[in-house]
file input-v3.cif (mmCIF, C-alpha atoms)
data_run
#
loop_
_atom_site.group_PDB
_atom_site.id
_atom_site.type_symbol
_atom_site.label_atom_id
_atom_site.label_comp_id
_atom_site.auth_asym_id
_atom_site.auth_seq_id
_atom_site.Cartn_x
_atom_site.Cartn_y
_atom_site.Cartn_z
ATOM 1 C CA MET A 1 111.488 46.658 205.610
ATOM 2 C CA THR A 2 108.551 48.925 204.885
ATOM 3 C CA PRO A 3 105.324 46.895 204.578
ATOM 4 C CA LEU A 4 103.349 47.063 201.343
ATOM 5 C CA ALA A 5 100.473 49.507 201.526
ATOM 6 C CA ALA A 6 96.989 48.030 201.675
ATOM 7 C CA PRO A 7 95.067 48.324 198.417
ATOM 8 C CA ASP A 8 92.948 51.471 198.099
ATOM 9 C CA ALA A 9 89.532 49.947 197.315
ATOM 10 C CA PRO A 10 87.845 53.219 196.251
ATOM 11 C CA LEU A 11 90.774 53.983 193.964
ATOM 12 C CA GLN A 12 90.617 50.519 192.422
ATOM 13 C CA ARG A 13 86.888 50.923 191.783
ATOM 14 C CA ARG A 14 87.481 54.302 190.093
ATOM 15 C CA GLN A 15 90.218 52.804 187.890
ATOM 16 C CA LEU A 16 87.962 49.879 186.933
ATOM 17 C CA LEU A 17 85.078 52.200 186.060
ATOM 18 C CA ALA A 18 87.405 54.381 183.986
ATOM 19 C CA ALA A 19 88.662 51.325 182.094
ATOM 20 C CA LEU A 20 85.112 50.115 181.463
ATOM 21 C CA ALA A 21 84.126 53.545 180.190
ATOM 22 C CA LEU A 22 86.802 53.261 177.497
ATOM 23 C CA LEU A 23 85.610 49.900 176.178
ATOM 24 C CA PRO A 24 83.017 51.261 173.715
ATOM 25 C CA LEU A 25 85.641 53.593 172.249
ATOM 26 C CA ALA A 26 88.143 50.774 171.868
ATOM 27 C CA ALA A 27 85.538 48.531 170.280
ATOM 28 C CA GLY A 28 84.563 51.303 167.876
ATOM 29 C CA ALA A 29 88.181 51.894 166.870
ATOM 30 C CA ALA A 30 88.680 48.172 166.292
ATOM 31 C CA ALA A 31 85.572 48.074 164.121
ATOM 32 C CA VAL A 32 86.957 50.720 161.738
ATOM 33 C CA ALA A 33 90.264 49.021 160.945
ATOM 34 C CA PRO A 34 88.822 45.708 159.695
ATOM 35 C CA GLY A 35 86.433 47.641 157.465
ATOM 36 C CA ALA A 36 89.280 49.572 155.840
ATOM 37 C CA ASP A 37 91.333 46.401 155.496
ATOM 38 C CA ALA A 38 88.375 44.565 154.012
ATOM 39 C CA ALA A 39 87.877 47.291 151.406
ATOM 40 C CA LEU A 40 91.508 47.113 150.347
ATOM 41 C CA HIS A 41 91.444 43.326 150.283
ATOM 42 C CA ALA A 42 88.295 43.491 148.165
ATOM 43 C CA ALA A 43 90.007 45.830 145.699
ATOM 44 C CA VAL A 44 93.049 43.527 145.451
ATOM 45 C CA ASP A 45 90.823 40.457 145.031
ATOM 46 C CA GLY A 46 88.207 42.130 142.842
ATOM 47 C CA PRO A 47 86.980 40.894 139.452
ATOM 48 C CA GLN A 48 88.202 44.093 137.742
ATOM 49 C CA ARG A 49 91.776 42.764 137.877
ATOM 50 C CA SER A 50 93.221 40.764 134.997
ATOM 51 C CA ALA A 51 94.462 37.231 135.553
ATOM 52 C CA ALA A 52 97.945 38.229 134.351
ATOM 53 C CA ASN A 53 98.155 40.989 136.936
ATOM 54 C CA ARG A 54 96.872 38.772 139.734
ATOM 55 C CA ALA A 55 99.588 36.240 138.914
ATOM 56 C CA ARG A 56 102.229 38.738 140.055
ATOM 57 C CA ASP A 57 100.711 39.474 143.462
ATOM 58 C CA ALA A 58 103.087 37.123 145.274
ATOM 59 C CA ALA A 59 106.026 39.147 143.912
ATOM 60 C CA ARG A 60 104.512 42.633 144.163
ATOM 61 C CA HIS A 61 102.558 42.401 147.461
ATOM 62 C CA PRO A 62 99.979 45.055 146.577
ATOM 63 C CA TYR A 63 97.891 44.798 149.745
ATOM 64 C CA GLU A 64 100.897 45.008 152.067
ATOM 65 C CA THR A 65 102.490 47.816 150.051
ATOM 66 C CA LEU A 66 99.414 50.039 149.985
ATOM 67 C CA ALA A 67 98.673 49.337 153.649
ATOM 68 C CA PHE A 68 102.241 50.379 154.508
ATOM 69 C CA PHE A 69 101.706 53.681 152.694
ATOM 70 C CA GLY A 70 98.643 54.194 154.904
ATOM 71 C CA LEU A 71 96.209 54.426 152.004
ATOM 72 C CA ARG A 72 92.677 55.434 152.954
ATOM 73 C CA PRO A 73 89.520 55.094 150.831
ATOM 74 C CA ASP A 74 88.646 58.801 151.011
ATOM 75 C CA TRP A 75 92.052 60.042 149.797
ATOM 76 C CA GLN A 76 92.912 61.925 146.634
ATOM 77 C CA VAL A 77 95.778 59.888 145.172
ATOM 78 C CA VAL A 78 98.079 60.637 142.236
ATOM 79 C CA GLU A 79 99.484 57.506 140.616
ATOM 80 C CA ILE A 80 102.650 58.281 138.689
ATOM 81 C CA ALA A 81 103.355 56.600 135.338
ATOM 82 C CA PRO A 82 100.685 53.877 135.664
ATOM 83 C CA GLY A 83 101.766 52.159 132.433
ATOM 84 C CA GLY A 84 99.208 49.500 131.583
ATOM 85 C CA GLY A 85 97.393 49.978 134.879
ATOM 86 C CA TRP A 86 98.721 47.239 137.156
ATOM 87 C CA TYR A 87 98.147 49.263 140.312
ATOM 88 C CA THR A 88 95.363 51.331 138.731
ATOM 89 C CA GLU A 89 93.087 48.286 138.803
ATOM 90 C CA ILE A 90 93.405 48.207 142.597
ATOM 91 C CA LEU A 91 93.587 51.926 143.351
ATOM 92 C CA ALA A 92 90.557 52.884 141.256
ATOM 93 C CA ALA A 93 88.367 50.207 142.820
ATOM 94 C CA TYR A 94 89.467 51.168 146.335
ATOM 95 C CA LEU A 95 89.114 54.939 145.891
ATOM 96 C CA ASN A 96 86.055 54.943 143.638
ATOM 97 C CA PRO A 97 83.342 55.219 146.339
ATOM 98 C CA LYS A 98 84.796 58.069 148.450
ATOM 99 C CA GLY A 99 88.162 59.201 147.108
ATOM 100 C CA ARG A 100 89.612 59.962 143.707
ATOM 101 C CA LEU A 101 92.472 58.617 141.629
ATOM 102 C CA TYR A 102 94.501 60.867 139.353
ATOM 103 C CA ALA A 103 96.594 58.944 136.815
ATOM 104 C CA ALA A 104 99.643 60.881 135.590
ATOM 105 C CA HIS A 105 100.383 59.213 132.249
ATOM 106 C CA GLU A 106 102.438 59.942 129.140
ATOM 107 C CA PRO A 107 101.716 63.237 127.338
ATOM 108 C CA ALA A 108 98.932 63.181 124.765
ATOM 109 C CA ASP A 109 101.235 65.002 122.327
ATOM 110 C CA GLY A 110 104.332 62.936 123.097
ATOM 111 C CA SER A 111 106.233 60.491 120.922
ATOM 112 C CA PRO A 112 104.269 57.895 118.940
ATOM 113 C CA GLY A 113 105.087 55.279 121.578
ATOM 114 C CA GLN A 114 103.920 57.555 124.375
ATOM 115 C CA GLN A 115 100.714 58.347 122.524
ATOM 116 C CA ARG A 116 100.009 54.638 121.990
ATOM 117 C CA ALA A 117 100.600 53.877 125.675
ATOM 118 C CA ARG A 118 98.261 56.650 126.785
ATOM 119 C CA ALA A 119 95.604 55.634 124.259
ATOM 120 C CA ALA A 120 95.734 52.011 125.462
ATOM 121 C CA PHE A 121 95.382 53.176 129.065
ATOM 122 C CA ARG A 122 92.461 55.438 128.152
ATOM 123 C CA ALA A 123 90.774 52.518 126.380
ATOM 124 C CA LYS A 124 91.219 50.385 129.502
ATOM 125 C CA LEU A 125 89.429 53.027 131.576
ATOM 126 C CA ALA A 126 86.621 53.399 129.041
ATOM 127 C CA ALA A 127 86.034 49.632 128.895
ATOM 128 C CA ASP A 128 85.063 49.438 132.590
ATOM 129 C CA PRO A 129 83.224 52.615 133.616
ATOM 130 C CA ALA A 130 81.934 51.027 136.816
ATOM 131 C CA THR A 131 85.508 50.850 138.112
ATOM 132 C CA TYR A 132 87.168 53.790 136.384
ATOM 133 C CA ARG A 133 84.476 56.445 135.932
ATOM 134 C CA ARG A 134 86.012 58.712 138.594
ATOM 135 C CA VAL A 135 89.619 58.372 137.474
ATOM 136 C CA VAL A 136 91.120 61.641 136.221
ATOM 137 C CA LEU A 137 93.600 61.006 133.415
ATOM 138 C CA GLY A 138 96.365 63.594 133.344
ATOM 139 C CA THR A 139 99.997 64.033 132.402
ATOM 140 C CA LEU A 140 103.325 63.316 134.037
ATOM 141 C CA PRO A 141 105.000 66.424 135.461
ATOM 142 C CA VAL A 142 107.961 68.054 133.789
ATOM 143 C CA ALA A 143 108.668 71.230 135.753
ATOM 144 C CA GLY A 144 105.344 70.603 137.509
ATOM 145 C CA PHE A 145 101.878 69.163 136.988
ATOM 146 C CA THR A 146 99.935 70.899 134.229
ATOM 147 C CA ASP A 147 96.538 69.172 134.381
ATOM 148 C CA ILE A 148 96.412 67.425 137.763
ATOM 149 C CA HIS A 149 95.287 69.710 140.596
ATOM 150 C CA PRO A 150 93.469 67.825 143.400
ATOM 151 C CA PRO A 151 91.375 70.340 145.370
ATOM 152 C CA GLY A 152 93.268 71.267 148.511
ATOM 153 C CA GLY A 153 96.212 69.123 147.462
ATOM 154 C CA ALA A 154 96.713 65.389 147.057
ATOM 155 C CA ASP A 155 96.763 63.096 150.070
ATOM 156 C CA ALA A 156 99.277 60.797 148.397
ATOM 157 C CA VAL A 157 101.552 60.493 145.394
ATOM 158 C CA LEU A 158 102.509 56.898 144.591
ATOM 159 C CA THR A 159 105.290 55.749 142.291
ATOM 160 C CA PHE A 160 106.155 52.155 141.526
ATOM 161 C CA ARG A 161 109.489 51.260 139.876
ATOM 162 C CA ASN A 162 109.952 54.541 137.988
ATOM 163 C CA ILE A 163 112.811 56.387 139.675
ATOM 164 C CA HIS A 164 115.599 54.791 137.627
ATOM 165 C CA ASN A 165 113.990 56.227 134.481
ATOM 166 C CA TRP A 166 113.903 59.752 135.919
ATOM 167 C CA ILE A 167 117.551 59.481 136.931
ATOM 168 C CA ALA A 168 118.481 58.325 133.426
ATOM 169 C CA ASP A 169 116.437 61.174 131.909
ATOM 170 C CA GLY A 170 118.024 63.752 134.225
ATOM 171 C CA HIS A 171 114.920 65.117 135.978
ATOM 172 C CA PHE A 172 114.654 63.174 139.225
ATOM 173 C CA ASP A 173 115.037 66.264 141.446
ATOM 174 C CA GLU A 174 112.540 68.303 139.405
ATOM 175 C CA THR A 175 110.047 65.447 139.554
ATOM 176 C CA LEU A 176 110.375 65.175 143.340
ATOM 177 C CA ARG A 177 109.736 68.905 143.660
ATOM 178 C CA ALA A 178 106.601 68.527 141.531
ATOM 179 C CA PHE A 179 105.380 65.775 143.875
ATOM 180 C CA HIS A 180 106.036 67.997 146.877
ATOM 181 C CA ALA A 181 104.074 70.861 145.308
ATOM 182 C CA VAL A 182 100.989 68.779 144.462
ATOM 183 C CA LEU A 183 100.712 67.241 147.954
ATOM 184 C CA LYS A 184 98.901 68.823 150.865
ATOM 185 C CA PRO A 185 100.892 69.357 154.083
ATOM 186 C CA GLY A 186 101.240 65.967 155.749
ATOM 187 C CA GLY A 187 100.654 64.209 152.421
ATOM 188 C CA VAL A 188 102.390 60.927 151.636
ATOM 189 C CA LEU A 189 104.916 60.103 148.936
ATOM 190 C CA GLY A 190 104.965 56.319 148.527
ATOM 191 C CA VAL A 191 107.958 54.879 146.677
ATOM 192 C CA GLU A 192 108.741 51.400 145.410
ATOM 193 C CA GLU A 193 111.989 51.071 143.454
ATOM 194 C CA HIS A 194 114.594 48.504 142.394
ATOM 195 C CA ARG A 195 117.332 48.605 145.048
ATOM 196 C CA ALA A 196 121.061 48.747 144.374
ATOM 197 C CA ALA A 197 123.862 48.197 146.851
ATOM 198 C CA PRO A 198 124.983 51.337 148.712
ATOM 199 C CA GLY A 199 127.646 53.266 146.805
ATOM 200 C CA THR A 200 126.530 52.096 143.346
ATOM 201 C CA SER A 201 127.711 54.652 140.791
ATOM 202 C CA LEU A 202 125.311 56.805 138.819
ATOM 203 C CA ALA A 203 126.556 55.211 135.606
ATOM 204 C CA ARG A 204 125.734 51.750 136.950
ATOM 205 C CA VAL A 205 122.315 52.948 138.158
ATOM 206 C CA ILE A 206 121.473 54.093 134.642
ATOM 207 C CA GLU A 207 122.867 50.908 133.118
ATOM 208 C CA SER A 208 121.247 48.450 135.527
ATOM 209 C CA GLY A 209 117.989 50.103 136.652
ATOM 210 C CA TYR A 210 118.873 49.549 140.326
ATOM 211 C CA VAL A 211 119.053 52.619 142.618
ATOM 212 C CA PRO A 212 120.722 52.898 146.058
ATOM 213 C CA GLN A 213 118.164 53.431 148.797
ATOM 214 C CA ASP A 214 120.239 56.062 150.584
ATOM 215 C CA PHE A 215 120.387 58.099 147.363
ATOM 216 C CA VAL A 216 116.585 58.125 147.068
ATOM 217 C CA VAL A 217 116.251 59.202 150.712
ATOM 218 C CA GLU A 218 118.850 61.941 150.261
ATOM 219 C CA ARG A 219 117.192 63.411 147.159
ATOM 220 C CA ALA A 220 113.694 63.209 148.679
ATOM 221 C CA ARG A 221 114.886 65.067 151.768
ATOM 222 C CA ALA A 222 116.474 67.714 149.562
ATOM 223 C CA ALA A 223 113.056 68.174 147.899
ATOM 224 C CA GLY A 224 111.423 68.819 151.289
ATOM 225 C CA PHE A 225 110.239 65.361 152.336
ATOM 226 C CA GLU A 226 110.732 63.561 155.635
ATOM 227 C CA LEU A 227 111.278 59.796 155.727
ATOM 228 C CA ALA A 228 108.380 58.295 157.697
ATOM 229 C CA GLY A 229 109.269 54.634 157.276
ATOM 230 C CA ALA A 230 111.007 51.924 155.263
ATOM 231 C CA SER A 231 109.718 48.398 154.716
ATOM 232 C CA GLU A 232 111.154 45.139 153.443
ATOM 233 C CA ILE A 233 107.777 44.105 151.994
ATOM 234 C CA ASN A 234 109.254 43.954 148.492
ATOM 235 C CA ALA A 235 112.738 42.718 149.370
ATOM 236 C CA ASN A 236 114.128 39.727 147.471
ATOM 237 C CA PRO A 237 117.349 38.286 148.968
ATOM 238 C CA ARG A 238 117.766 35.992 145.922
ATOM 239 C CA ASP A 239 118.485 39.035 143.754
ATOM 240 C CA ASN A 240 122.159 40.046 143.901
ATOM 241 C CA HIS A 241 121.497 43.104 141.650
ATOM 242 C CA ASP A 242 124.245 42.039 139.236
ATOM 243 C CA HIS A 243 122.876 40.887 135.884
ATOM 244 C CA ALA A 244 124.247 41.488 132.398
ATOM 245 C CA GLN A 245 120.855 42.831 131.301
ATOM 246 C CA GLY A 246 120.301 44.766 134.520
ATOM 247 C CA VAL A 247 116.970 44.532 136.298
ATOM 248 C CA TRP A 248 115.347 43.777 132.948
ATOM 249 C CA ALA A 249 116.974 40.318 132.969
ATOM 250 C CA LEU A 250 114.463 39.338 135.654
ATOM 251 C CA PRO A 251 110.740 38.712 135.378
ATOM 252 C CA PRO A 252 108.500 40.074 134.075
ATOM 253 C CA THR A 253 110.742 41.480 131.307
ATOM 254 C CA LEU A 254 113.208 38.579 130.881
ATOM 255 C CA ARG A 255 115.134 40.604 128.324
ATOM 256 C CA GLY A 256 117.636 37.816 127.725
ATOM 257 C CA GLY A 257 114.946 35.552 126.285
ATOM 258 C CA ALA A 258 115.935 31.913 126.582
ATOM 259 C CA VAL A 259 119.437 32.734 127.874
ATOM 260 C CA GLU A 260 119.557 31.624 131.531
ATOM 261 C CA ARG A 261 115.791 31.965 131.649
ATOM 262 C CA GLU A 262 115.350 29.340 134.357
ATOM 263 C CA LYS A 263 117.976 31.050 136.506
ATOM 264 C CA TYR A 264 116.167 34.371 136.354
ATOM 265 C CA LEU A 265 112.761 32.800 136.899
ATOM 266 C CA ALA A 266 114.172 31.158 140.030
ATOM 267 C CA ILE A 267 115.370 34.545 141.293
ATOM 268 C CA GLY A 268 111.992 36.127 140.650
ATOM 269 C CA GLU A 269 111.224 39.833 140.474
ATOM 270 C CA SER A 270 113.752 42.370 141.678
ATOM 271 C CA ASP A 271 114.844 43.265 145.188
ATOM 272 C CA ARG A 272 113.022 46.549 145.898
ATOM 273 C CA MET A 273 112.953 49.283 148.502
ATOM 274 C CA THR A 274 109.575 50.442 149.807
ATOM 275 C CA LEU A 275 109.688 53.908 151.360
ATOM 276 C CA LYS A 276 107.111 56.238 152.874
ATOM 277 C CA PHE A 277 107.838 59.965 152.923
ATOM 278 C CA VAL A 278 105.675 62.809 154.177
ATOM 279 C CA LYS A 279 105.483 66.474 153.269
ATOM 280 C CA ALA A 280 106.179 68.392 156.462
ATOM 281 C CA GLY A 281 103.370 70.410 158.022
ATOM 282 C CA ARG A 282 99.726 69.874 158.873
#

call {"tool": "encode", "arguments": {"input": "input-v3.cif", "output": "structure tokens"}}
result
Amino acid sequence: MTPLAAPDAPLQRRQLLAALALLPLAAGAAAVAPGADAALHAAVDGPQRSAANRARDAARHPYETLAFFGLRPDWQVVEIAPGGGWYTEILAAYLNPKGRLYAAHEPADGSPGQQRARAAFRAKLAADPATYRRVVLGTLPVAGFTDIHPPGGADAVLTFRNIHNWIADGHFDETLRAFHAVLKPGGVLGVEEHRAAPGTSLARVIESGYVPQDFVVERARAAGFELAGASEINANPRDNHDHAQGVWALPPTLRGGAVEREKYLAIGESDRMTLKFVKAGR
């Protein structure tokens, strides 16, 4: 049997010195991550958020979701269809110092309901200039964005529970292409959406509000995106996706009113996919 070679003392010393030389770099890298995490935690926990919105954090997991998307405080981010501003409260506070949030809302010349929703959102921004002064309010894309043009391209486009509406309205593919166009190469498309069982028909998707995950991945790839990751952050195994009132039977909508209310409250908010795509190129 060949004997083990004696340790090379000079080599060991060189390896030790090389390892010690890397310690300041490792410590510096470790110091950056907690800072970024702390800023996002501060935005999620900040006083700018309403009590009603905070009450849903256990179901919506905002910190974990945004961290999964890789959000950074110096990014230019386009939030799609922000509604009443549930995620806007967090995104604006996080991006305000170094980045910029673009909110793609309903058209100013849309239907009366769309105009009211946009006006309410605008009033929310105006009521807290310290948080929202840098938010750019624009319009949802049709064939493309008309008034949202981040210099050099957006770092991220984020959409939360909207895809079923675009499928029902017949412009999901066009909307994905608009996202691809507004992003810089390497930019992120972050998606959260109610999740249907594989093979669910298009008719059932439109009826129920639940979308198969493989369908979303397929259409995003067709629009030029690459799937960078999928997370179960927003999964809910109690949700079997089969409700007479679709996803709207569940909280927070509870469309059925008092009918089986306790059952749906026990299920909680929907089972959702959380996907990260990237626009190819650097």

call {"tool": "residues_around", "arguments": {"input": "input-v3.cif", "residues": "Ala249 of chain A", "least_positions_apart": "5", "cutoff": "12 Å", "atoms": "only C-alpha atoms", "output": "ChimeraX atom specification"}}
result
/A:208-210,239,241-244,254-270

call {"tool": "resolve_selection", "arguments": {"input": "input-v3.cif", "expression": "the PyMOL selection byres ((chain A and resi 214) around 10)", "output": "MDAnalysis selection string"}}
result
chainID A and resid 195:199 211:213 215:220

call {"tool": "resolve_selection", "arguments": {"input": "input-v3.cif", "expression": "the PyMOL selection byres ((chain A and resi 176) around 10)", "output": "PDB file with C-alpha atoms, in the coordinates of the input"}}
result
ATOM      1  CA  PRO A 141     105.000  66.424 135.461  1.00  0.00           C
ATOM      2  CA  ALA A 143     108.668  71.230 135.753  1.00  0.00           C
ATOM      3  CA  GLY A 144     105.344  70.603 137.509  1.00  0.00           C
ATOM      4  CA  ILE A 163     112.811  56.387 139.675  1.00  0.00           C
ATOM      5  CA  TRP A 166     113.903  59.752 135.919  1.00  0.00           C
ATOM      6  CA  HIS A 171     114.920  65.117 135.978  1.00  0.00           C
ATOM      7  CA  PHE A 172     114.654  63.174 139.225  1.00  0.00           C
ATOM      8  CA  ASP A 173     115.037  66.264 141.446  1.00  0.00           C
ATOM      9  CA  GLU A 174     112.540  68.303 139.405  1.00  0.00           C
ATOM     10  CA  THR A 175     110.047  65.447 139.554  1.00  0.00           C
ATOM     11  CA  ARG A 177     109.736  68.905 143.660  1.00  0.00           C
ATOM     12  CA  ALA A 178     106.601  68.527 141.531  1.00  0.00           C
ATOM     13  CA  PHE A 179     105.380  65.775 143.875  1.00  0.00           C
ATOM     14  CA  HIS A 180     106.036  67.997 146.877  1.00  0.00           C
ATOM     15  CA  ALA A 181     104.074  70.861 145.308  1.00  0.00           C
ATOM     16  CA  LEU A 189     104.916  60.103 148.936  1.00  0.00           C
ATOM     17  CA  ARG A 219     117.192  63.411 147.159  1.00  0.00           C
ATOM     18  CA  ALA A 220     113.694  63.209 148.679  1.00  0.00           C
ATOM     19  CA  ARG A 221     114.886  65.067 151.768  1.00  0.00           C
ATOM     20  CA  ALA A 222     116.474  67.714 149.562  1.00  0.00           C
ATOM     21  CA  ALA A 223     113.056  68.174 147.899  1.00  0.00           C
ATOM     22  CA  GLY A 224     111.423  68.819 151.289  1.00  0.00           C
ATOM     23  CA  PHE A 225     110.239  65.361 152.336  1.00  0.00           C
TER      24      PHE A 225
END

call {"tool": "resolve_selection", "arguments": {"input": "input-v3.cif", "expression": "the PyMOL selection byres ((chain A and resi 133) around 12)", "output": "ChimeraX atom specification"}}
result
/A:92-93,95-97,100-102,122,124-132,134-137

call {"tool": "residues_around", "arguments": {"input": "input-v3.cif", "residues": "Leu183 of chain A", "least_positions_apart": "4", "cutoff": "10 Å", "atoms": "only C-alpha atoms", "output": "number ranges by chain"}}
result
A: 76-78, 149-150, 152-157, 178-179, 187-189, 278-279

call {"tool": "atom_distance", "arguments": {"input": "input-v3.cif", "atom1": "atom CA of Val142 of chain A", "atom2": "atom CA of Lys276 of chain A"}}
result
22.5 Å

call {"tool": "atom_distance", "arguments": {"input": "input-v3.cif", "atom1": "atom CA of Ala103 of chain A", "atom2": "atom CA of Glu193 of chain A"}}
result
18.5 Å

call {"tool": "atom_distance", "arguments": {"input": "input-v3.cif", "atom1": "atom CA of Glu106 of chain A", "atom2": "atom CA of Phe121 of chain A"}}
result
9.8 Å

call {"tool": "closest_residue", "arguments": {"input": "input-v3.cif", "among": "A:Ala55, A:Met273, A:Ala104, A:Leu66", "to": "His41 of chain A", "atoms": "all atoms listed in the file"}}
result
A:Leu66

call {"tool": "closest_residue", "arguments": {"input": "input-v3.cif", "among": "A:Asn162, A:Lys98, A:Pro252, A:Ala108", "to": "Asn53 of chain A", "atoms": "only C-alpha atoms"}}
result
A:Pro252

call {"tool": "axis_aligned_box", "arguments": {"input": "input-v3.cif", "around": "segment 100-104 of chain A", "padding_each_side": "4 Å", "output": "AutoDock Vina command-line options"}}
result
--center_x 94.6 --center_y 59.7 --center_z 139.6 --size_x 18.0 --size_y 10.3 --size_z 16.1

call {"tool": "closest_residue", "arguments": {"input": "input-v3.cif", "among": "A:Pro151, A:Glu89, A:Gly170, A:Ala228", "to": "Pro47 of chain A", "atoms": "only C-alpha atoms"}}
result
A:Glu89
